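Shown here: final-v3.pdb, PDB, C-alpha atoms and all ligand atoms.
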ATOM      1  CA  LEU A   1     139.108   4.634 100.839
ATOM      2  CA  THR A   2     135.390   4.777 101.564
ATOM      3  CA  GLN A   3     133.674   1.471 102.264
ATOM      4  CA  PRO A   4     130.827   0.341 100.008
ATOM      5  CA  SER A   5     127.341   1.011 101.352
ATOM      6  CA  VAL A   6     124.992  -1.842 102.222
ATOM      7  CA  THR A   7     121.418  -1.971 100.947
ATOM      8  CA  ILE A   8     119.083  -4.594 102.397
ATOM      9  CA  ILE A   9     116.053  -5.632 100.346
ATOM     10  CA  GLY A  10     113.393  -6.850 102.789
ATOM     11  CA  GLY A  11     115.401  -5.162 105.549
ATOM     12  CA  THR A  12     112.217  -4.857 107.605
ATOM     13  CA  GLY A  13     112.343  -8.583 108.493
ATOM     14  CA  ASP A  14     114.230 -10.252 111.335
ATOM     15  CA  GLN A  15     117.412 -11.128 109.461
ATOM     16  CA  GLY A  16     117.625  -7.945 107.389
ATOM     17  CA  LEU A  17     116.965  -5.642 110.323
ATOM     18  CA  GLY A  18     119.504  -7.535 112.431
ATOM     19  CA  LEU A  19     122.168  -7.008 109.768
ATOM     20  CA  ALA A  20     121.146  -3.348 109.378
ATOM     21  CA  LEU A  21     121.655  -2.806 113.121
ATOM     22  CA  ARG A  22     125.061  -4.447 113.095
ATOM     23  CA  PHE A  23     126.314  -2.592 110.014
ATOM     24  CA  ALA A  24     125.018   0.673 111.471
ATOM     25  CA  VAL A  25     126.989   0.027 114.665
ATOM     26  CA  ALA A  26     130.078  -0.478 112.493
ATOM     27  CA  GLY A  27     129.524   2.936 110.861
ATOM     28  CA  ARG A  28     128.529   1.672 107.409
ATOM     29  CA  GLU A  29     126.041   3.574 105.308
ATOM     30  CA  VAL A  30     122.927   1.376 105.382
ATOM     31  CA  ARG A  31     119.783   1.510 103.218
ATOM     32  CA  ILE A  32     116.728  -0.475 104.284
ATOM     33  CA  GLY A  33     114.397  -1.520 101.480
ATOM     34  CA  SER A  34     110.772  -2.612 101.715
ATOM     35  CA  ARG A  35     107.904  -3.127  99.294
ATOM     36  CA  VAL A  36     106.271  -0.284 101.192
ATOM     37  CA  GLU A  37     108.315   2.884 101.721
ATOM     38  CA  GLN A  38     106.612   3.683 105.037
ATOM     39  CA  ARG A  39     107.706   0.326 106.495
ATOM     40  CA  ALA A  40     111.285   0.984 105.393
ATOM     41  CA  LEU A  41     111.217   4.423 107.034
ATOM     42  CA  GLU A  42     109.915   2.892 110.278
ATOM     43  CA  ALA A  43     112.653   0.240 110.259
ATOM     44  CA  ALA A  44     115.304   2.915 109.652
ATOM     45  CA  GLU A  45     113.862   4.851 112.603
ATOM     46  CA  GLN A  46     114.165   1.723 114.789
ATOM     47  CA  VAL A  47     117.839   1.436 113.858
ATOM     48  CA  LYS A  48     118.401   5.124 114.693
ATOM     49  CA  GLN A  49     116.741   4.608 118.091
ATOM     50  CA  ARG A  50     119.120   1.769 118.946
ATOM     51  CA  VAL A  51     122.310   3.002 117.264
ATOM     52  CA  ARG A  52     123.312   6.562 117.979
ATOM     53  CA  GLY A  53     124.503   8.400 114.872
ATOM     54  CA  ALA A  54     123.481   5.562 112.509
ATOM     55  CA  ALA A  55     123.818   6.458 108.811
ATOM     56  CA  VAL A  56     120.625   4.660 107.811
ATOM     57  CA  SER A  57     117.793   5.455 105.424
ATOM     58  CA  GLY A  58     114.589   3.703 104.372
ATOM     59  CA  LEU A  59     113.306   3.437 100.798
ATOM     60  CA  GLU A  60     111.042   1.330  98.608
ATOM     61  CA  ASN A  61     113.030  -1.722  97.362
ATOM     62  CA  ALA A  62     113.668  -0.574  93.766
ATOM     63  CA  ALA A  63     114.559   2.967  94.840
ATOM     64  CA  ALA A  64     116.954   1.555  97.446
ATOM     65  CA  THR A  65     118.574  -0.709  94.850
ATOM     66  CA  GLN A  66     119.007   2.131  92.376
ATOM     67  CA  ARG A  67     120.549   4.345  95.069
ATOM     68  CA  ALA A  68     122.950   1.519  95.979
ATOM     69  CA  GLY A  69     124.815   2.139  92.714
ATOM     70  CA  ASP A  70     127.803  -0.209  92.587
ATOM     71  CA  GLY A  71     127.519  -1.008  96.303
ATOM     72  CA  ILE A  72     126.431  -4.190  98.061
ATOM     73  CA  VAL A  73     122.753  -5.220  97.907
ATOM     74  CA  ILE A  74     121.641  -8.009 100.260
ATOM     75  CA  LEU A  75     118.497  -9.895  99.279
ATOM     76  CA  SER A  76     116.674 -10.646 102.530
ATOM     77  CA  VAL A  77     113.271 -11.977 101.513
ATOM     78  CA  PRO A  78     111.877 -15.499 102.055
ATOM     79  CA  PHE A  79     113.073 -18.016  99.441
ATOM     80  CA  GLU A  80     109.669 -18.337  97.800
ATOM     81  CA  HIS A  81     109.713 -14.615  96.927
ATOM     82  CA  THR A  82     113.210 -14.600  95.411
ATOM     83  CA  VAL A  83     112.114 -14.676  91.774
ATOM     84  CA  SER A  84     109.252 -12.166  92.029
ATOM     85  CA  THR A  85     111.421  -9.747  94.042
ATOM     86  CA  LEU A  86     114.438  -9.930  91.725
ATOM     87  CA  LYS A  87     112.195  -9.351  88.703
ATOM     88  CA  THR A  88     111.087  -6.043  90.237
ATOM     89  CA  LEU A  89     114.739  -5.066  90.829
ATOM     90  CA  ARG A  90     116.241  -5.957  87.449
ATOM     91  CA  GLU A  91     115.980  -2.432  86.057
ATOM     92  CA  ALA A  92     117.243  -0.876  89.292
ATOM     93  CA  LEU A  93     120.364  -3.015  89.739
ATOM     94  CA  GLN A  94     123.340  -0.963  88.555
ATOM     95  CA  PRO A  95     126.434  -2.340  86.784
ATOM     96  CA  GLY A  96     129.144  -3.131  89.323
ATOM     97  CA  ALA A  97     126.657  -3.875  92.101
ATOM     98  CA  ILE A  98     127.155  -7.022  94.169
ATOM     99  CA  LEU A  99     123.975  -8.920  95.036
ATOM    100  CA  VAL A 100     124.350 -11.000  98.190
ATOM    101  CA  SER A 101     122.139 -14.088  98.280
ATOM    102  CA  MET A 102     121.277 -15.045 101.874
ATOM    103  CA  GLY A 103     118.195 -17.120 101.111
ATOM    104  CA  VAL A 104     117.744 -20.723 102.123
ATOM    105  CA  PRO A 105     115.316 -23.004 100.219
ATOM    106  CA  LEU A 106     113.673 -24.436 103.325
ATOM    107  CA  ALA A 107     110.934 -26.987 102.760
ATOM    108  CA  SER A 108     108.646 -24.859 104.953
ATOM    109  CA  ALA A 109     108.104 -22.818 101.763
ATOM    110  CA  ILE A 110     105.806 -25.634 100.607
ATOM    111  CA  GLY A 111     104.323 -26.493 103.996
ATOM    112  CA  ASP A 112     106.919 -29.122 104.953
ATOM    113  CA  VAL A 113     109.334 -28.665 107.889
ATOM    114  CA  ALA A 114     112.074 -25.994 108.104
ATOM    115  CA  SER A 115     114.711 -28.621 108.940
ATOM    116  CA  ARG A 116     114.540 -29.962 105.382
ATOM    117  CA  MET A 117     115.619 -28.496 102.069
ATOM    118  CA  LEU A 118     114.188 -28.000  98.642
ATOM    119  CA  THR A 119     116.503 -27.854  95.637
ATOM    120  CA  PRO A 120     116.048 -25.055  93.120
ATOM    121  CA  ALA A 121     116.643 -26.237  89.551
ATOM    122  CA  GLN A 122     119.780 -24.047  89.427
ATOM    123  CA  GLY A 123     121.222 -25.929  92.438
ATOM    124  CA  SER A 124     120.926 -23.179  95.050
ATOM    125  CA  VAL A 125     119.116 -19.915  95.799
ATOM    126  CA  ALA A 126     122.368 -18.096  95.003
ATOM    127  CA  GLU A 127     122.574 -19.623  91.514
ATOM    128  CA  LEU A 128     118.868 -18.916  91.012
ATOM    129  CA  CYS A 129     119.682 -15.260  91.774
ATOM    130  CA  ALA A 130     122.629 -15.362  89.367
ATOM    131  CA  SER A 131     120.261 -16.528  86.614
ATOM    132  CA  LEU A 132     118.094 -13.435  87.148
ATOM    133  CA  VAL A 133     120.474 -10.477  87.618
ATOM    134  CA  PRO A 134     121.436  -8.241  84.680
ATOM    135  CA  ASP A 135     124.914  -8.384  83.112
ATOM    136  CA  GLY A 136     127.531  -6.570  85.173
ATOM    137  CA  VAL A 137     126.025  -7.604  88.514
ATOM    138  CA  GLU A 138     127.832 -10.337  90.459
ATOM    139  CA  VAL A 139     126.074 -12.632  92.927
ATOM    140  CA  VAL A 140     127.837 -13.676  96.133
ATOM    141  CA  SER A 141     126.409 -16.087  98.679
ATOM    142  CA  ALA A 142     126.817 -15.322 102.414
ATOM    143  CA  PHE A 143     125.198 -15.039 105.892
ATOM    144  CA  GLN A 144     122.849 -18.057 105.510
ATOM    145  CA  ASN A 145     124.120 -19.671 108.723
ATOM    146  CA  VAL A 146     123.861 -16.548 110.929
ATOM    147  CA  ALA A 147     120.843 -16.453 113.282
ATOM    148  CA  ALA A 148     118.644 -13.332 113.329
ATOM    149  CA  HIS A 149     118.286 -13.459 117.134
ATOM    150  CA  ARG A 150     122.045 -13.248 117.568
ATOM    151  CA  LEU A 151     122.266 -10.240 115.253
ATOM    152  CA  ALA A 152     119.655  -8.390 117.299
ATOM    153  CA  GLU A 153     121.566  -8.805 120.586
ATOM    154  CA  LEU A 154     123.862  -5.856 120.018
ATOM    155  CA  ASP A 155     125.747  -6.261 123.291
ATOM    156  CA  ALA A 156     127.049  -9.745 122.382
ATOM    157  CA  PRO A 157     129.332 -10.919 119.546
ATOM    158  CA  VAL A 158     127.816 -13.143 116.850
ATOM    159  CA  GLU A 159     129.868 -16.330 117.140
ATOM    160  CA  CYS A 160     129.687 -17.704 113.613
ATOM    161  CA  ASP A 161     131.812 -18.411 110.554
ATOM    162  CA  VAL A 162     130.367 -17.022 107.330
ATOM    163  CA  ILE A 163     131.171 -19.032 104.218
ATOM    164  CA  VAL A 164     131.321 -16.619 101.296
ATOM    165  CA  SER A 165     131.046 -17.993  97.743
ATOM    166  CA  GLY A 166     131.152 -16.260  94.376
ATOM    167  CA  ALA A 167     133.534 -14.772  91.820
ATOM    168  CA  PRO A 168     136.851 -13.873  93.551
ATOM    169  CA  LYS A 169     136.641 -10.120  92.879
ATOM    170  CA  ALA A 170     133.099  -9.869  94.242
ATOM    171  CA  ARG A 171     133.757 -12.251  97.130
ATOM    172  CA  LYS A 172     136.382  -9.940  98.640
ATOM    173  CA  PRO A 173     134.195  -6.943  99.641
ATOM    174  CA  VAL A 174     131.582  -9.312 101.076
ATOM    175  CA  MET A 175     134.240 -11.094 103.128
ATOM    176  CA  ALA A 176     135.339  -7.647 104.349
ATOM    177  CA  LEU A 177     131.742  -6.939 105.373
ATOM    178  CA  CYS A 178     131.944  -9.796 107.884
ATOM    179  CA  ASP A 179     134.683  -7.914 109.741
ATOM    180  CA  ASP A 180     132.076  -5.248 110.598
ATOM    181  CA  ILE A 181     130.345  -7.602 113.011
ATOM    182  CA  PRO A 182     132.217  -8.765 116.138
ATOM    183  CA  GLY A 183     132.477 -12.558 116.250
ATOM    184  CA  LEU A 184     131.818 -13.185 112.562
ATOM    185  CA  ARG A 185     134.678 -14.673 110.553
ATOM    186  CA  ALA A 186     134.617 -14.853 106.776
ATOM    187  CA  ILE A 187     135.689 -18.142 105.204
ATOM    188  CA  ASP A 188     136.566 -18.246 101.506
ATOM    189  CA  GLY A 189     133.864 -20.526 100.115
ATOM    190  CA  GLY A 190     135.111 -20.634  96.535
ATOM    191  CA  PRO A 191     132.799 -20.438  93.515
ATOM    192  CA  LEU A 192     129.061 -19.787  93.707
ATOM    193  CA  TYR A 193     128.366 -23.476  93.026
ATOM    194  CA  ASN A 194     129.300 -24.164  96.686
ATOM    195  CA  ALA A 195     126.361 -22.085  97.925
ATOM    196  CA  ARG A 196     124.222 -25.239  97.797
ATOM    197  CA  TYR A 197     126.279 -26.819 100.601
ATOM    198  CA  VAL A 198     126.135 -23.655 102.719
ATOM    199  CA  GLU A 199     122.383 -23.237 102.246
ATOM    200  CA  SER A 200     121.766 -26.844 103.290
ATOM    201  CA  LEU A 201     123.733 -26.305 106.524
ATOM    202  CA  THR A 202     120.999 -23.900 107.647
ATOM    203  CA  ALA A 203     118.382 -26.661 107.492
ATOM    204  CA  LEU A 204     120.740 -28.790 109.588
ATOM    205  CA  LEU A 205     121.247 -25.935 112.101
ATOM    206  CA  ILE A 206     117.477 -25.445 112.406
ATOM    207  CA  GLY A 207     117.070 -29.136 113.297
ATOM    208  CA  ILE A 208     119.874 -28.791 115.868
ATOM    209  CA  ASN A 209     118.186 -25.686 117.338
ATOM    210  CA  ILE A 210     115.002 -27.712 117.775
ATOM    211  CA  ARG A 211     116.714 -30.738 119.352
ATOM    212  CA  TYR A 212     118.828 -28.613 121.735
ATOM    213  CA  LYS A 213     116.038 -26.082 122.398
ATOM    214  CA  LEU A 214     118.284 -23.184 121.311
ATOM    215  CA  ARG A 215     115.793 -20.337 120.956
ATOM    216  CA  HIS A 216     118.481 -17.910 119.810
ATOM    217  CA  GLY A 217     120.153 -20.260 117.349
ATOM    218  CA  ALA A 218     123.387 -22.237 117.118
ATOM    219  CA  GLY A 219     126.375 -20.798 115.258
ATOM    220  CA  LEU A 220     128.848 -22.463 112.916
ATOM    221  CA  ARG A 221     132.620 -22.672 113.522
ATOM    222  CA  LEU A 222     135.244 -24.385 111.393
ATOM    223  CA  THR A 223     138.372 -25.307 113.307
ATOM    224  CA  TYR A 224     142.093 -25.274 112.411
ATOM    225  CA  ILE A 225     141.751 -22.554 109.777
TER     226      ILE A 225
HETATM  227  N1  LIG B   1     115.687 -15.414 110.262
HETATM  228  C1  LIG B   1     116.868 -16.014 110.320
HETATM  229  O1  LIG B   1     117.379 -16.352 111.422
HETATM  230  C2  LIG B   1     117.642 -16.281 109.048
HETATM  231  C3  LIG B   1     118.904 -16.885 109.147
HETATM  232  C4  LIG B   1     119.654 -17.104 107.990
HETATM  233  C5  LIG B   1     119.148 -16.735 106.745
HETATM  234  N2  LIG B   1     117.905 -16.174 106.670
HETATM  235  C6  LIG B   1     117.398 -15.794 105.343
HETATM  236  O2  LIG B   1     117.234 -14.390 105.303
HETATM  237  C7  LIG B   1     116.104 -14.067 104.504
HETATM  238  C8  LIG B   1     115.153 -13.202 105.318
HETATM  239  O3  LIG B   1     114.740 -13.918 106.461
HETATM  240  P1  LIG B   1     113.724 -13.267 107.528
HETATM  241  O4  LIG B   1     113.612 -14.226 108.645
HETATM  242  O5  LIG B   1     114.140 -11.873 107.818
HETATM  243  O6  LIG B   1     112.374 -13.269 106.669
HETATM  244  P2  LIG B   1     110.995 -12.526 106.923
HETATM  245  O7  LIG B   1     111.076 -11.676 108.145
HETATM  246  O8  LIG B   1     109.911 -13.540 106.844
HETATM  247  O9  LIG B   1     110.872 -11.610 105.608
HETATM  248  C9  LIG B   1     111.793 -10.590 105.304
HETATM  249  C10 LIG B   1     111.098  -9.516 104.490
HETATM  250  O10 LIG B   1     110.689 -10.021 103.232
HETATM  251  C11 LIG B   1     109.675  -9.171 102.743
HETATM  252  N3  LIG B   1     108.629  -9.953 102.095
HETATM  253  C12 LIG B   1     107.678 -10.704 102.670
HETATM  254  N4  LIG B   1     106.854 -11.235 101.747
HETATM  255  C13 LIG B   1     107.299 -10.791 100.547
HETATM  256  C14 LIG B   1     106.857 -10.957  99.210
HETATM  257  N5  LIG B   1     105.752 -11.673  98.920
HETATM  258  N6  LIG B   1     107.557 -10.352  98.235
HETATM  259  C15 LIG B   1     108.634  -9.604  98.525
HETATM  260  N7  LIG B   1     109.094  -9.397  99.778
HETATM  261  C16 LIG B   1     108.425  -9.976 100.770
HETATM  262  C17 LIG B   1     109.088  -8.406 103.918
HETATM  263  O11 LIG B   1     109.442  -7.034 103.765
HETATM  264  P3  LIG B   1     108.361  -5.903 103.352
HETATM  265  O12 LIG B   1     107.019  -6.414 103.765
HETATM  266  O13 LIG B   1     108.789  -4.721 104.151
HETATM  267  O14 LIG B   1     108.537  -5.729 101.892
HETATM  268  C18 LIG B   1     109.792  -9.010 105.101
HETATM  269  O15 LIG B   1     110.039  -8.090 106.146
HETATM  270  C19 LIG B   1     115.482 -15.383 104.050
HETATM  271  O16 LIG B   1     115.926 -15.673 102.757
HETATM  272  C20 LIG B   1     116.030 -16.394 105.036
HETATM  273  O17 LIG B   1     116.169 -17.685 104.461
HETATM  274  C21 LIG B   1     117.146 -15.933 107.795
END
Just dump the structure as structure tokens.
Amino acid sequence: LTQPSVTIIGGTGDQGLGLALRFAVAGREVRIGSRVEQRALEAAEQVKQRVRGAAVSGLENAAATQRAGDGIVILSVPFEHTVSTLKTLREALQPGAILVSMGVPLASAIGDVASRMLTPAQGSVAELCASLVPDGVEVVSAFQNVAAHRLAELDAPVECDVIVSGAPKARKPVMALCDDIPGLRAIDGGPLYNARYVESLTALLIGINIRYKLRHGAGLRLTYI
């Protein structure tokens, strides 16, 4: 069975590019999306430079989403651009696609500190996404607690549990995606409603990074599972 491809909207940023590198290492087909095609092509080139034989391409966001078909599309743009970005992708999202919400509603979006949270009216960024996708597209929440710096260090595992929430059928392929990256462990996070708890953990982790001076970011591990 072929594995679903991964398309990363905003894959030119730290988190998206880090995931692209890791999925490329694992041999997944990866599409990097950007608002500007040229930037996507440059990011894809960077991945090819670091990962020999990477199956990676770069496209404008909507074109990348359309090409994703019923694959996995990860939304990797800052929280405050979630709504505007998803509105531009509505037509391009294909039935059967899984949209992964990785966004965190950090208070830095309104000029406050990144160690505090805002609360979207829907309860979480993931549920905000679910309110915007067309019928036939499932939203799954994942990867909010993984640090971009750790993803970029390809020689080291990424020691982190990834709590994956969403409808059971859509949750499964996203949990399987975690197995692509050494050190990551998928934890069944139940329904999408639980995304609010996972998103808020990132604000907590950012505060911990500041207090412990962890430039590359702390990871999350649940024990006795
Ligand atoms: N960084 C981390 O360690 C980390 C950890 C956990 C979760 N996350 C989450 O992952 C997501 C991406 O984080 P990041 O650090 O990679 O963010 P980022 O580098 O600030 O931005 C990612 C990409 O978003 C696109 N973008 C910027 N402004 C935009 C706009 N006005 N409209 C649409 N797209 C825009 C840009 O791509 P183009 O200019 O190429 O379009 C940019 O490269 C966020 O939701 C964040 O909460 C990040």
Next on the checklist: So that I can see what lies close to segment 196-198 of chain A, please list as a ChimeraX atom specification the residues with an atom at most 8 Å from it, counting all atoms listed in the file and leaving out residues fewer than 6 positions away in the same chain.
Outcome noted: /A:123-126,144-145,163
Deliver the residues from the most recent selection as a file, using C-alpha atoms, as a PDB file, keeping the file's coordinate frame.
ATOM      1  CA  GLY A 123     121.222 -25.929  92.438  1.00  0.00           C
ATOM      2  CA  SER A 124     120.926 -23.179  95.050  1.00  0.00           C
ATOM      3  CA  VAL A 125     119.116 -19.915  95.799  1.00  0.00           C
ATOM      4  CA  ALA A 126     122.368 -18.096  95.003  1.00  0.00           C
ATOM      5  CA  GLN A 144     122.849 -18.057 105.510  1.00  0.00           C
ATOM      6  CA  ASN A 145     124.120 -19.671 108.723  1.00  0.00           C
ATOM      7  CA  ILE A 163     131.171 -19.032 104.218  1.00  0.00           C
TER       8      ILE A 163
END
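Residue nearest Ala176 of chain A, chosen from A:Glu159, A:Asp112, A:Glu45, A:Asp188 and counting all atoms listed in the file: A:Asp188.
Atom to atom, atom CA of Ile9 of chain A and atom C19 of ligand LIG 1 (chain B) stand 10.4 Å apart.
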Determine, for each residue of chain A having at least one atom at most 6 Å from an atom of ligand LIG 1 (chain B), the closest pair of atoms and their separation in Å to one decimal, counting all atoms listed in the file; order by chain and ascending number, as JSON lines.
{"residue": "A:Gly10", "atom": "CA", "partner": "B:LIG1", "partner_atom": "C10", "distance": 3.9}
{"residue": "A:Thr12", "atom": "CA", "partner": "B:LIG1", "partner_atom": "O15", "distance": 4.2}
{"residue": "A:Gly13", "atom": "CA", "partner": "B:LIG1", "partner_atom": "O15", "distance": 3.3}
{"residue": "A:Asp14", "atom": "CA", "partner": "B:LIG1", "partner_atom": "O5", "distance": 3.9}
{"residue": "A:Gln15", "atom": "CA", "partner": "B:LIG1", "partner_atom": "O5", "distance": 3.7}
{"residue": "A:Gly16", "atom": "CA", "partner": "B:LIG1", "partner_atom": "O5", "distance": 5.3}
{"residue": "A:Ser34", "atom": "CA", "partner": "B:LIG1", "partner_atom": "O13", "distance": 3.8}
{"residue": "A:Arg35", "atom": "CA", "partner": "B:LIG1", "partner_atom": "O14", "distance": 3.7}
{"residue": "A:Val36", "atom": "CA", "partner": "B:LIG1", "partner_atom": "O13", "distance": 5.9}
{"residue": "A:Arg39", "atom": "CA", "partner": "B:LIG1", "partner_atom": "O13", "distance": 5.7}
{"residue": "A:Ser76", "atom": "CA", "partner": "B:LIG1", "partner_atom": "C7", "distance": 4.0}
{"residue": "A:Val77", "atom": "CA", "partner": "B:LIG1", "partner_atom": "O10", "distance": 3.7}
{"residue": "A:Pro78", "atom": "CA", "partner": "B:LIG1", "partner_atom": "O16", "distance": 4.1}
{"residue": "A:Phe79", "atom": "CA", "partner": "B:LIG1", "partner_atom": "O16", "distance": 5.0}
{"residue": "A:His81", "atom": "CA", "partner": "B:LIG1", "partner_atom": "N6", "distance": 5.0}
{"residue": "A:Thr85", "atom": "CA", "partner": "B:LIG1", "partner_atom": "C15", "distance": 5.3}
{"residue": "A:Met102", "atom": "CA", "partner": "B:LIG1", "partner_atom": "C6", "distance": 5.3}
{"residue": "A:Gly103", "atom": "CA", "partner": "B:LIG1", "partner_atom": "O16", "distance": 3.2}
{"residue": "A:Val104", "atom": "CA", "partner": "B:LIG1", "partner_atom": "O17", "distance": 4.1}
{"residue": "A:Gln144", "atom": "CA", "partner": "B:LIG1", "partner_atom": "C5", "distance": 4.1}
{"residue": "A:Asn145", "atom": "CA", "partner": "B:LIG1", "partner_atom": "C4", "distance": 5.2}
{"residue": "A:Val146", "atom": "CA", "partner": "B:LIG1", "partner_atom": "C4", "distance": 5.2}
{"residue": "A:Ala147", "atom": "CA", "partner": "B:LIG1", "partner_atom": "O1", "distance": 3.9}
{"residue": "A:Ala148", "atom": "CA", "partner": "B:LIG1", "partner_atom": "O1", "distance": 3.8}
Item to check | Among listed residues A:Ala55, A:Cys178, A:Leu21, A:Val137, nearest Ala97 of chain A (using all atoms listed in the file) | outcome: A:Val137
Item to check | Explicit residues for the PyMOL selection byres (((chain A and resi 130) around 12) and not hetatm) (as a PyMOL selection string) | outcome: chain A and resi 82-83+86+90+98-101+122-129+131-141+166-167+192-193+195
Next on the checklist: Can you tell me which residues surround segment 57-65 of chain A at a distance of at most 8 Å, considering all atoms listed in the file, apart from same-chain residues fewer than 6 positions away, and format the answer as a list in words?
Outcome noted: Thr7, Ile9, Gly10, Val30, Arg31, Ile32, Gly33, Ser34, Arg35, Val36, Glu37, Gln38, Arg39, Ala40, Leu41, Glu42, Ala43, Ala44, Val73, Thr88, Leu89, Ala92, Leu93 and Gln94 of chain A
Since I can't run it myself right now, could you work out what the PyMOL selection byres (((chain A and resi 181) around 12) and not hetatm) selects here and report it as a PDB file with C-alpha atoms, in the coordinates of the input?
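See out_25.pdb below for the written result:
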ATOM      1  CA  GLY A  18     119.504  -7.535 112.431  1.00  0.00           C
ATOM      2  CA  LEU A  19     122.168  -7.008 109.768  1.00  0.00           C
ATOM      3  CA  ALA A  20     121.146  -3.348 109.378  1.00  0.00           C
ATOM      4  CA  LEU A  21     121.655  -2.806 113.121  1.00  0.00           C
ATOM      5  CA  ARG A  22     125.061  -4.447 113.095  1.00  0.00           C
ATOM      6  CA  PHE A  23     126.314  -2.592 110.014  1.00  0.00           C
ATOM      7  CA  ALA A  24     125.018   0.673 111.471  1.00  0.00           C
ATOM      8  CA  VAL A  25     126.989   0.027 114.665  1.00  0.00           C
ATOM      9  CA  ALA A  26     130.078  -0.478 112.493  1.00  0.00           C
ATOM     10  CA  GLY A  27     129.524   2.936 110.861  1.00  0.00           C
ATOM     11  CA  ARG A  28     128.529   1.672 107.409  1.00  0.00           C
ATOM     12  CA  PHE A 143     125.198 -15.039 105.892  1.00  0.00           C
ATOM     13  CA  VAL A 146     123.861 -16.548 110.929  1.00  0.00           C
ATOM     14  CA  ARG A 150     122.045 -13.248 117.568  1.00  0.00           C
ATOM     15  CA  LEU A 151     122.266 -10.240 115.253  1.00  0.00           C
ATOM     16  CA  ALA A 152     119.655  -8.390 117.299  1.00  0.00           C
ATOM     17  CA  GLU A 153     121.566  -8.805 120.586  1.00  0.00           C
ATOM     18  CA  LEU A 154     123.862  -5.856 120.018  1.00  0.00           C
ATOM     19  CA  ASP A 155     125.747  -6.261 123.291  1.00  0.00           C
ATOM     20  CA  ALA A 156     127.049  -9.745 122.382  1.00  0.00           C
ATOM     21  CA  PRO A 157     129.332 -10.919 119.546  1.00  0.00           C
ATOM     22  CA  VAL A 158     127.816 -13.143 116.850  1.00  0.00           C
ATOM     23  CA  GLU A 159     129.868 -16.330 117.140  1.00  0.00           C
ATOM     24  CA  CYS A 160     129.687 -17.704 113.613  1.00  0.00           C
ATOM     25  CA  ASP A 161     131.812 -18.411 110.554  1.00  0.00           C
ATOM     26  CA  VAL A 162     130.367 -17.022 107.330  1.00  0.00           C
ATOM     27  CA  MET A 175     134.240 -11.094 103.128  1.00  0.00           C
ATOM     28  CA  ALA A 176     135.339  -7.647 104.349  1.00  0.00           C
ATOM     29  CA  LEU A 177     131.742  -6.939 105.373  1.00  0.00           C
ATOM     30  CA  CYS A 178     131.944  -9.796 107.884  1.00  0.00           C
ATOM     31  CA  ASP A 179     134.683  -7.914 109.741  1.00  0.00           C
ATOM     32  CA  ASP A 180     132.076  -5.248 110.598  1.00  0.00           C
ATOM     33  CA  PRO A 182     132.217  -8.765 116.138  1.00  0.00           C
ATOM     34  CA  GLY A 183     132.477 -12.558 116.250  1.00  0.00           C
ATOM     35  CA  LEU A 184     131.818 -13.185 112.562  1.00  0.00           C
ATOM     36  CA  ARG A 185     134.678 -14.673 110.553  1.00  0.00           C
ATOM     37  CA  ALA A 186     134.617 -14.853 106.776  1.00  0.00           C
TER      38      ALA A 186
END
Item to check | the PyMOL selection byres (((chain A and resi 116) around 8) and not hetatm) applied to the shown file, residues as a PyMOL selection string | outcome: chain A and resi 106-108+112-115+117-118+203-204
